[in-house]
$ cat model-v9.txt   # compact mmCIF, C-alpha atoms
# COMPACT_ATOMS: atom_id res chain seq x y z
CA MET Y 519 -67.36 -71.22 -37.62
CA LEU Y 520 -65.59 -71.31 -34.25
CA PHE Y 521 -62.79 -73.32 -35.82
CA LEU Y 522 -62.26 -70.68 -38.53
CA LEU Y 523 -62.25 -67.92 -35.94
CA LEU Y 524 -59.66 -69.70 -33.81
CA ASN Y 525 -57.52 -70.41 -36.87
CA HIS Y 526 -57.62 -66.75 -37.88
CA LEU Y 527 -56.72 -65.68 -34.33
CA THR Y 528 -53.75 -68.07 -34.30
CA LEU Y 529 -52.48 -66.67 -37.61
CA CYS Y 530 -52.78 -63.13 -36.27
CA ILE Y 531 -50.79 -63.99 -33.13
CA CYS Y 532 -48.07 -65.65 -35.25
CA GLU Y 533 -47.89 -62.58 -37.50
CA ILE Y 534 -47.60 -60.26 -34.51
CA TYR Y 535 -44.85 -62.46 -33.04
CA LEU Y 536 -42.93 -62.42 -36.34
CA ASN Y 537 -43.26 -58.66 -36.66
CA VAL Y 538 -42.09 -58.12 -33.07
CA ASN Y 539 -39.20 -60.52 -33.59
CA GLN Y 540 -38.15 -58.76 -36.80
CA MET Y 541 -38.41 -55.40 -35.08
CA GLY Y 542 -36.26 -56.71 -32.25
CA ASN Y 543 -33.58 -57.87 -34.70
CA LEU Y 544 -33.69 -54.50 -36.43
CA LEU Y 545 -33.22 -52.71 -33.11
CA LYS Y 546 -30.28 -54.99 -32.33
CA VAL Y 547 -28.58 -53.96 -35.57
CA LEU Y 548 -29.34 -50.28 -35.05
CA THR Y 549 -28.07 -50.21 -31.48
CA CYS Y 550 -24.92 -52.34 -31.98
CA THR Y 551 -25.79 -54.92 -29.36
CA GLU Y 552 -23.19 -56.74 -27.35
CA LEU Y 553 -24.17 -60.00 -29.02
CA GLU Y 554 -23.25 -58.90 -32.51
CA GLN Y 555 -20.76 -56.05 -32.34
CA GLY Y 556 -19.48 -56.03 -28.82
CA PRO Y 557 -20.25 -53.90 -25.79
CA ASN Y 558 -21.72 -50.53 -26.70
CA PHE Y 559 -20.92 -47.77 -24.24
CA PHE Y 560 -18.78 -44.65 -24.21
CA LEU Y 561 -15.47 -44.91 -22.36
CA ASP Y 562 -14.60 -41.37 -21.36
CA PHE Y 563 -10.85 -41.37 -21.97
CA GLU Y 564 -10.71 -37.58 -21.55
CA ASN Y 565 -12.66 -36.86 -18.38
CA ALA Y 566 -13.17 -40.02 -16.32
CA GLN Y 567 -12.60 -39.36 -12.61
CA PRO Y 568 -12.22 -41.99 -9.87
CA THR Y 569 -15.16 -42.86 -7.65
CA ASP Y 570 -14.60 -43.55 -3.94
CA CYS Y 571 -14.41 -47.29 -4.69
CA GLU Y 572 -11.68 -46.74 -7.30
CA ARG Y 573 -9.68 -44.15 -5.35
CA ASP Y 574 -7.06 -46.35 -3.63
CA VAL Y 575 -6.03 -48.27 -6.74
CA TRP Y 576 -6.27 -45.12 -8.87
CA ASN Y 577 -3.85 -43.29 -6.54
CA GLN Y 578 -1.34 -46.15 -6.67
CA VAL Y 579 -1.41 -46.32 -10.46
CA ASN Y 580 -1.42 -42.55 -10.87
CA ALA Y 581 1.84 -42.32 -8.90
CA VAL Y 582 3.41 -44.43 -11.66
CA LEU Y 583 1.70 -42.87 -14.67
CA GLN Y 584 2.61 -39.33 -13.68
CA ASP Y 585 6.25 -40.22 -14.48
CA SER Y 586 5.46 -41.74 -17.88
CA GLU Y 587 5.94 -38.56 -19.94
CA SER Y 588 9.36 -37.87 -18.45
CA ILE Y 589 10.34 -41.49 -19.18
CA LEU Y 590 9.32 -41.06 -22.83
CA SER Y 591 11.12 -37.72 -23.05
CA GLY Y 592 14.27 -39.29 -21.63
CA LEU Y 593 14.10 -42.12 -24.15
CA GLN Y 594 13.43 -39.76 -27.04
CA ALA Y 595 16.46 -37.64 -26.09
CA TYR Y 596 18.78 -40.68 -25.95
CA LYS Y 597 21.72 -40.04 -28.30
CA GLY Y 598 24.13 -42.82 -27.42
CA ALA Y 599 27.92 -42.94 -27.31
CA GLY Y 600 28.52 -44.47 -30.73
CA GLN Y 601 31.30 -42.06 -31.74
CA GLU Y 602 33.27 -42.48 -28.52
CA ILE Y 603 32.87 -46.28 -28.60
CA ARG Y 604 34.08 -46.51 -32.22
CA GLU Y 605 37.16 -44.43 -31.46
CA ALA Y 606 37.94 -46.53 -28.38
CA ILE Y 607 37.60 -49.81 -30.31
CA GLN Y 608 39.72 -48.54 -33.20
CA ASN Y 609 42.47 -47.36 -30.81
CA PRO Y 610 42.65 -50.02 -28.07
CA ASN Y 611 45.98 -48.74 -26.70
CA ASP Y 612 44.90 -45.11 -26.39
CA MET Y 613 43.89 -44.84 -22.74
CA ILE Y 614 42.49 -41.34 -23.16
CA LEU Y 615 39.99 -42.59 -25.75
CA GLN Y 616 39.20 -45.64 -23.58
CA GLU Y 617 38.45 -43.38 -20.63
CA ARG Y 618 36.40 -41.00 -22.76
CA ALA Y 619 34.23 -43.86 -24.06
CA TRP Y 620 33.79 -45.30 -20.56
CA ASN Y 621 32.87 -41.91 -19.09
CA SER Y 622 30.34 -41.40 -21.89
CA VAL Y 623 28.70 -44.81 -21.48
CA CYS Y 624 28.35 -44.90 -17.68
CA PRO Y 625 25.79 -42.06 -17.37
CA LEU Y 626 23.82 -43.63 -20.23
CA VAL Y 627 23.71 -46.98 -18.42
CA ILE Y 628 22.33 -45.25 -15.31
CA ARG Y 629 19.63 -43.68 -17.52
CA LEU Y 630 18.84 -47.09 -18.99
CA LYS Y 631 18.51 -48.47 -15.47
CA LYS Y 632 15.94 -45.76 -14.72
CA LEU Y 633 13.89 -46.79 -17.77
CA TYR Y 634 14.11 -50.46 -16.81
CA SER Y 635 13.11 -49.70 -13.21
CA PHE Y 636 10.05 -47.88 -14.51
CA SER Y 637 8.99 -51.04 -16.35
CA LEU Y 638 8.93 -52.86 -12.99
CA ARG Y 639 6.72 -50.16 -11.49
CA LEU Y 640 4.43 -50.34 -14.53
CA GLU Y 641 4.19 -54.11 -14.12
CA ARG Y 642 2.96 -53.75 -10.54
CA ALA Y 643 0.49 -51.02 -11.59
CA LEU Y 644 -0.94 -53.24 -14.31
CA GLN Y 645 -1.45 -56.11 -11.89
CA SER Y 646 -3.29 -53.81 -9.46
CA LEU Y 647 -5.63 -52.76 -12.26
CA LEU Y 648 -6.20 -56.35 -13.35
CA GLU Y 649 -7.14 -57.30 -9.79
CA SER Y 650 -9.79 -54.56 -9.76
CA LEU Y 651 -11.14 -55.10 -13.28
CA THR Y 652 -11.47 -58.91 -13.10
CA CYS Y 653 -12.86 -59.55 -9.61
CA PRO Y 654 -16.33 -61.15 -9.21
CA PRO Y 655 -19.24 -60.65 -9.27
CA TYR Y 656 -19.10 -58.13 -12.13
CA THR Y 657 -18.48 -58.99 -15.78
CA PRO Y 658 -15.66 -57.23 -17.68
CA THR Y 659 -18.25 -55.02 -19.39
CA GLN Y 660 -19.73 -54.00 -16.05
CA HIS Y 661 -16.28 -53.32 -14.59
CA LEU Y 662 -15.19 -51.13 -17.51
CA GLU Y 663 -18.47 -49.24 -17.53
CA LYS Y 664 -18.63 -48.73 -13.75
CA GLU Y 665 -14.90 -48.12 -13.16
CA GLN Y 666 -14.08 -45.81 -16.02
CA ALA Y 667 -11.20 -44.06 -14.26
CA LEU Y 668 -9.40 -47.41 -13.84
CA ALA Y 669 -10.24 -48.36 -17.42
CA LYS Y 670 -8.72 -45.04 -18.51
CA GLN Y 671 -5.53 -45.82 -16.57
CA PHE Y 672 -5.37 -49.28 -18.12
CA ALA Y 673 -5.66 -47.58 -21.52
CA GLU Y 674 -2.94 -45.07 -20.59
CA ILE Y 675 -0.56 -47.92 -19.72
CA LEU Y 676 -1.15 -49.51 -23.12
CA HIS Y 677 -0.78 -46.15 -24.86
CA PHE Y 678 2.54 -45.54 -23.07
CA THR Y 679 3.74 -49.08 -23.88
CA LEU Y 680 3.29 -48.73 -27.63
CA ARG Y 681 4.91 -45.29 -27.65
CA PHE Y 682 7.88 -46.54 -25.61
CA ASP Y 683 8.45 -49.56 -27.84
CA GLU Y 684 8.12 -47.51 -31.03
CA LEU Y 685 10.83 -45.15 -29.78
CA LYS Y 686 13.09 -47.96 -28.57
CA MET Y 687 12.99 -49.68 -31.97
CA ARG Y 688 14.38 -46.51 -33.56
CA ILE Y 689 17.38 -46.30 -31.19
CA PRO Y 690 19.87 -49.11 -31.93
CA ALA Y 691 22.42 -47.17 -29.85
CA ILE Y 692 20.79 -48.54 -26.68
CA GLN Y 693 21.90 -52.11 -27.28
CA ASN Y 694 25.26 -51.04 -28.70
CA ASP Y 695 26.01 -48.91 -25.64
CA PHE Y 696 24.93 -51.59 -23.22
CA SER Y 697 26.91 -54.31 -25.01
CA TYR Y 698 30.03 -52.15 -24.83
CA TYR Y 699 29.36 -51.53 -21.14
CA ARG Y 700 29.03 -55.28 -20.41
CA ARG Y 701 32.22 -56.13 -22.31
CA THR Y 702 34.23 -53.34 -20.70
CA ILE Y 703 33.07 -54.00 -17.16
CA SER Y 704 33.90 -57.72 -17.51
CA ARG Y 705 37.39 -56.85 -18.76
CA ASN Y 706 37.93 -54.31 -16.00
CA ARG Y 707 36.70 -56.77 -13.38
CA ILE Y 708 39.32 -59.26 -14.58
CA ASN Y 709 41.94 -56.52 -14.11
CA ASN Y 710 40.67 -55.98 -10.53
CA MET Y 711 39.73 -52.38 -11.22
CA ASN Y 712 37.46 -50.67 -8.72
CA LEU Y 713 34.27 -49.75 -10.58
CA ASP Y 714 32.02 -47.27 -8.80
CA ILE Y 715 29.20 -47.83 -11.28
CA GLU Y 716 28.69 -51.36 -9.97
CA ARG Y 717 27.13 -49.80 -6.90
CA GLU Y 718 24.46 -48.43 -9.26
CA VAL Y 719 24.23 -51.37 -11.67
CA ASN Y 720 25.45 -54.63 -10.16
CA ASN Y 721 25.90 -57.81 -12.17
CA GLU Y 722 22.40 -59.15 -11.43
CA MET Y 723 20.79 -55.85 -12.45
CA ALA Y 724 22.92 -55.75 -15.62
CA ASN Y 725 21.76 -59.26 -16.57
CA ARG Y 726 18.09 -58.31 -16.14
CA MET Y 727 18.55 -55.08 -18.06
CA SER Y 728 20.30 -56.98 -20.85
CA LEU Y 729 17.31 -59.33 -21.23
CA PHE Y 730 14.91 -56.37 -21.18
CA TYR Y 731 16.68 -54.37 -23.90
CA ALA Y 732 17.29 -57.45 -26.06
CA GLU Y 733 13.52 -57.60 -26.69
CA ALA Y 734 12.26 -55.84 -29.82
CA THR Y 735 9.30 -54.55 -27.78
CA PRO Y 736 10.50 -54.68 -24.16
CA MET Y 737 7.61 -52.84 -22.53
CA LEU Y 738 5.00 -54.98 -24.29
CA LYS Y 739 6.93 -58.07 -23.18
CA THR Y 740 6.77 -56.72 -19.61
CA LEU Y 741 2.99 -56.28 -19.80
CA SER Y 742 2.33 -59.68 -21.39
CA THR Y 743 4.54 -61.40 -18.78
CA ALA Y 744 2.81 -59.46 -15.99
CA THR Y 745 -0.62 -60.46 -17.30
CA THR Y 746 0.40 -64.11 -17.68
CA ASN Y 747 1.84 -64.11 -14.16
CA PHE Y 748 -1.37 -62.56 -12.86
CA VAL Y 749 -3.39 -65.41 -14.37
CA THR Y 750 -0.95 -68.02 -13.03
CA GLU Y 751 -0.90 -66.58 -9.51
CA ASN Y 752 -4.70 -66.26 -9.29
CA LYS Y 753 -5.58 -69.90 -9.87
CA THR Y 754 -9.18 -69.50 -8.68
CA LEU Y 755 -9.81 -66.81 -11.29
CA PRO Y 756 -10.69 -68.21 -14.74
CA LEU Y 757 -8.40 -67.12 -17.58
CA GLU Y 758 -11.45 -65.72 -19.37
CA ASN Y 759 -11.95 -63.10 -16.64
CA THR Y 760 -8.63 -61.57 -17.70
CA THR Y 761 -8.77 -62.08 -21.46
CA ASP Y 762 -12.38 -60.86 -21.54
CA VAL Y 763 -11.28 -57.52 -20.07
CA LEU Y 764 -8.89 -57.18 -23.02
CA SER Y 765 -11.37 -58.30 -25.68
CA THR Y 766 -14.11 -56.09 -24.18
CA MET Y 767 -11.87 -53.03 -24.25
CA ALA Y 768 -10.90 -53.77 -27.87
CA SER Y 769 -14.60 -54.05 -28.78
CA VAL Y 770 -15.49 -50.84 -26.95
CA CYS Y 771 -12.70 -48.93 -28.72
CA LYS Y 772 -13.77 -50.30 -32.12
CA VAL Y 773 -17.41 -49.30 -31.59
CA MET Y 774 -16.37 -45.85 -30.38
CA LEU Y 775 -14.13 -45.33 -33.42
CA GLU Y 776 -16.77 -46.39 -35.94
CA THR Y 777 -19.68 -44.55 -34.32
CA PRO Y 778 -19.86 -40.82 -35.22
CA ASP Y 779 -22.11 -40.13 -32.21
CA TYR Y 780 -19.17 -41.20 -30.03
CA THR Y 781 -16.23 -39.70 -31.94
CA CYS Y 782 -17.96 -36.31 -32.04
CA ARG Y 783 -17.79 -36.30 -28.23
CA PHE Y 784 -13.98 -36.28 -28.29
CA ASN Y 785 -12.64 -32.83 -27.48
CA SER Y 786 -9.33 -33.47 -29.26
CA GLU Y 787 -8.14 -35.36 -32.31
CA ASP Y 788 -5.45 -36.79 -30.04
CA THR Y 789 -8.19 -38.77 -28.28
CA LEU Y 790 -9.05 -40.47 -31.58
CA LEU Y 791 -5.39 -41.50 -31.97
CA PHE Y 792 -5.30 -42.55 -28.32
CA CYS Y 793 -8.37 -44.76 -28.84
CA MET Y 794 -6.80 -46.42 -31.90
CA ARG Y 795 -3.54 -47.04 -30.06
CA VAL Y 796 -5.36 -48.54 -27.08
CA MET Y 797 -7.38 -50.83 -29.35
CA VAL Y 798 -4.21 -52.11 -30.98
CA GLY Y 799 -2.48 -52.43 -27.60
CA VAL Y 800 -5.19 -54.65 -26.11
CA ILE Y 801 -5.29 -56.77 -29.27
CA ILE Y 802 -1.54 -57.39 -29.06
CA LEU Y 803 -1.72 -58.12 -25.34
CA TYR Y 804 -4.67 -60.49 -25.85
CA ASP Y 805 -2.76 -62.24 -28.64
CA HIS Y 806 0.20 -62.83 -26.32
CA VAL Y 807 -1.83 -63.95 -23.31
CA HIS Y 808 -4.66 -66.04 -24.79
CA PRO Y 809 -3.57 -69.58 -25.77
CA ASN Y 810 -5.29 -69.32 -29.18
CA GLY Y 811 -4.46 -65.68 -29.80
CA ALA Y 812 -6.53 -62.83 -31.23
CA PHE Y 813 -6.72 -63.93 -34.87
CA ASN Y 814 -8.33 -67.34 -34.40
CA LYS Y 815 -11.97 -67.71 -35.46
CA SER Y 816 -12.87 -68.45 -31.83
CA SER Y 817 -11.34 -65.14 -30.70
CA LYS Y 818 -13.69 -62.75 -28.93
CA ILE Y 819 -12.12 -59.83 -30.79
CA ASP Y 820 -13.59 -58.85 -34.17
CA MET Y 821 -10.21 -58.59 -35.90
CA LYS Y 822 -11.69 -57.90 -39.33
CA GLY Y 823 -13.72 -55.02 -37.90
CA CYS Y 824 -10.77 -53.61 -35.93
CA ILE Y 825 -8.44 -53.66 -38.95
CA LYS Y 826 -11.18 -52.11 -41.12
CA VAL Y 827 -11.61 -49.25 -38.63
CA LEU Y 828 -7.86 -48.58 -38.71
CA LYS Y 829 -7.70 -48.64 -42.50
CA GLU Y 830 -10.46 -46.04 -42.69
CA GLN Y 831 -8.20 -43.53 -40.89
CA PRO Y 832 -5.52 -41.36 -42.58
CA ALA Y 833 -2.56 -43.59 -43.51
CA ASP Y 834 -0.02 -41.47 -41.59
CA ASN Y 835 -1.97 -42.01 -38.36
CA VAL Y 836 -2.20 -45.78 -38.58
CA GLU Y 837 0.86 -47.04 -40.44
CA GLY Y 838 2.75 -47.67 -37.20
CA LEU Y 839 -0.28 -49.34 -35.61
CA LEU Y 840 -0.83 -51.68 -38.56
CA ASN Y 841 2.88 -52.53 -38.45
CA ALA Y 842 2.54 -53.28 -34.73
CA LEU Y 843 -0.23 -55.80 -35.53
CA LYS Y 844 1.97 -57.32 -38.26
CA PHE Y 845 5.24 -57.55 -36.39
CA THR Y 846 4.59 -57.65 -32.63
CA THR Y 847 1.70 -60.10 -32.42
CA LYS Y 848 2.30 -63.79 -31.72
CA HIS Y 849 -0.35 -65.71 -33.67
CA LEU Y 850 -0.87 -63.77 -36.92
CA HIS Y 851 0.93 -66.39 -39.00
CA ASP Y 852 -0.65 -69.42 -37.34
CA GLU Y 853 -2.44 -71.82 -39.67
CA SER Y 854 -5.67 -71.10 -37.78
CA THR Y 855 -5.62 -67.43 -38.80
CA PRO Y 856 -8.17 -66.84 -41.60
CA LYS Y 857 -6.57 -65.91 -44.93
CA ASN Y 858 -8.71 -62.80 -45.31
CA ILE Y 859 -7.34 -61.42 -42.02
CA ARG Y 860 -3.78 -62.09 -43.09
CA SER Y 861 -4.36 -60.43 -46.47
CA MET Y 862 -5.78 -57.32 -44.76
CA LEU Y 863 -2.44 -56.85 -42.99
CA GLN Y 864 -0.20 -57.45 -45.99
$ encode --input "model-v9.txt" --output "structure tokens"
Amino acid sequence: MLFLLLNHLTLCICEIYLNVNQMGNLLKVLTCTELEQGPNFFLDFENAQPTDCERDVWNQVNAVLQDSESILSGLQAYKGAGQEIREAIQNPNDMILQERAWNSVCPLVIRLKKLYSFSLRLERALQSLLESLTCPPYTPTQHLEKEQALAKQFAEILHFTLRFDELKMRIPAIQNDFSYYRRTISRNRINNMNLDIEREVNNEMANRMSLFYAEATPMLKTLSTATTNFVTENKTLPLENTTDVLSTMASVCKVMLETPDYTCRFNSEDTLLFCMRVMVGVIILYDHVHPNGAFNKSSKIDMKGCIKVLKEQPADNVEGLLNALKFTTKHLHDESTPKNIRSMLQ
């Protein structure tokens, strides 16, 4: 009799354990746990304000970001000197046309120097943010949740980067103008002409600018190089501390985009677009910085989920972002990339 009672009690305990375990798994699914779908918290891209601990870094980065809109406006307004250059090349002996082309190109080169110089400031700002968002003892999730104002600035840098590179790709005049400038200044230097512009853009600066503008996505290249250098220079900091910040932010953006309770908290539709752009930006950066990239099965980014979220948005809003994943990532066409991911981006 005692044996039967004990056996029944054991079965009851096992049943309770199974029910509790099943309930726990159900709750995990319902609450989008970090284990299965990534970190689940709201990143306030609209209203995050710096705490006292964030203030110093936030002020440094803000001094850079407050110039970002004028940089984009300047790039958008870039018209180039194509007409003047064509006329000068077609009439090499007409000194009036040569002078007109030169006088048209020089101010443009000074503007291009300003854009390039901003990329150097942005590089330093990014490294300051990485120092703050990767330092022990906090995990990337804890950093992003506790230091939302810095996370917002990190997102703003990525948002700016994609916008800058999208604009640059539509302006072939930039490289044409700069190539003409390099050729002309070399020829004039041979003729011992005094060139005032060399005080503004010396040969070393011109070489660095040439490398910058030769890139299809120069600002993204700047960020990926800055992130790689940050990892290299901080040898005591594991690579994962840096790449996990990127993968965590991608996961947070994905969860926010696919969770109506979060998207309804956005005050503007622009924030939805901002969130999508940031998600794509961190994926691209992760793909450039992590040795195995973002598309590998071992990647900490749910690429299938991220692409699905994008494809659920209006096509006009995401065409450029899907193209960015296709054409500016590094590992998409690796053999290790699952076929279903590749087919989603075809």
$ atom_distance --input "model-v9.txt" --atom1 "CA of Gly811 (chain Y)" --atom2 "CA of Thr847 (chain Y)"
8.7 Å
$ residues_around --input "model-v9.txt" --residues "Arg795 (chain Y)" --least-positions-apart "6" --cutoff "9 Å" --atoms "all atoms listed in the file" --output "PyMOL selection string"
chain Y and resi 673+676-677+680-681+836+839
$ residues_around --input "model-v9.txt" --residues "Gly799 (chain Y)" --least-positions-apart "3" --cutoff "12 Å" --atoms "only C-alpha atoms" --output "ChimeraX atom specification"
/Y:672-681,683,735,737-739,741-742,764-765,767-768,771,792-796,802-806,812,824,838-840,842-843,846-847
$ atom_distance --input "model-v9.txt" --atom1 "CA of Lys772 (chain Y)" --atom2 "CA of Asn577 (chain Y)"
28.3 Å
$ residues_around --input "model-v9.txt" --residues "Asn785 (chain Y)" --least-positions-apart "2" --cutoff "12 Å" --atoms "all atoms listed in the file" --output "list in words"
Asp562, Phe563, Glu564, Asn565, Tyr780, Thr781, Cys782, Arg783, Glu787, Asp788, Thr789 and Leu790 of chain Y
$ closest_residue --input "model-v9.txt" --among "Y:Gln616, Y:Gln608, Y:Gln864, Y:Thr652" --to "Thr754 (chain Y)" --atoms "all atoms listed in the file"
Y:Thr652
$ atom_distance --input "model-v9.txt" --atom1 "CA of Arg700 (chain Y)" --atom2 "CA of Ser728 (chain Y)"
8.9 Å
$ closest_residue --input "model-v9.txt" --among "Y:Thr746, Y:Asn814, Y:Asn752, Y:Thr760" --to "Glu641 (chain Y)" --atoms "only C-alpha atoms"
Y:Thr746
$ closest_residue --input "model-v9.txt" --among "Y:Leu755, Y:Ile692, Y:Ala619, Y:Leu863" --to "Ala732 (chain Y)" --atoms "only C-alpha atoms"
Y:Ile692
$ closest_residue --input "model-v9.txt" --among "Y:Pro809, Y:Gly600, Y:Pro832, Y:Gly592" --to "Asp695 (chain Y)" --atoms "all atoms listed in the file"
Y:Gly600
$ axis_aligned_box --input "model-v9.txt" --around "region 763-780 of chain Y" --padding-each-side "8 Å" --output "JSON"
{"center_x": -15.5, "center_y": -49.2, "center_z": -28.0, "size_x": 29.2, "size_y": 34.2, "size_z": 31.9}
$ closest_residue --input "model-v9.txt" --among "Y:Leu662, Y:Cys653, Y:Leu593, Y:Met727" --to "Ser697 (chain Y)" --atoms "only C-alpha atoms"
Y:Met727
$ closest_residue --input "model-v9.txt" --among "Y:Ser861, Y:Ser637, Y:Thr659, Y:Ser786" --to "Val770 (chain Y)" --atoms "all atoms listed in the file"
Y:Thr659
$ residues_around --input "model-v9.txt" --residues "Glu758 (chain Y)" --least-positions-apart "4" --cutoff "9 Å" --atoms "all atoms listed in the file" --output "list in words"
Asp762, Val763 and His808 of chain Y
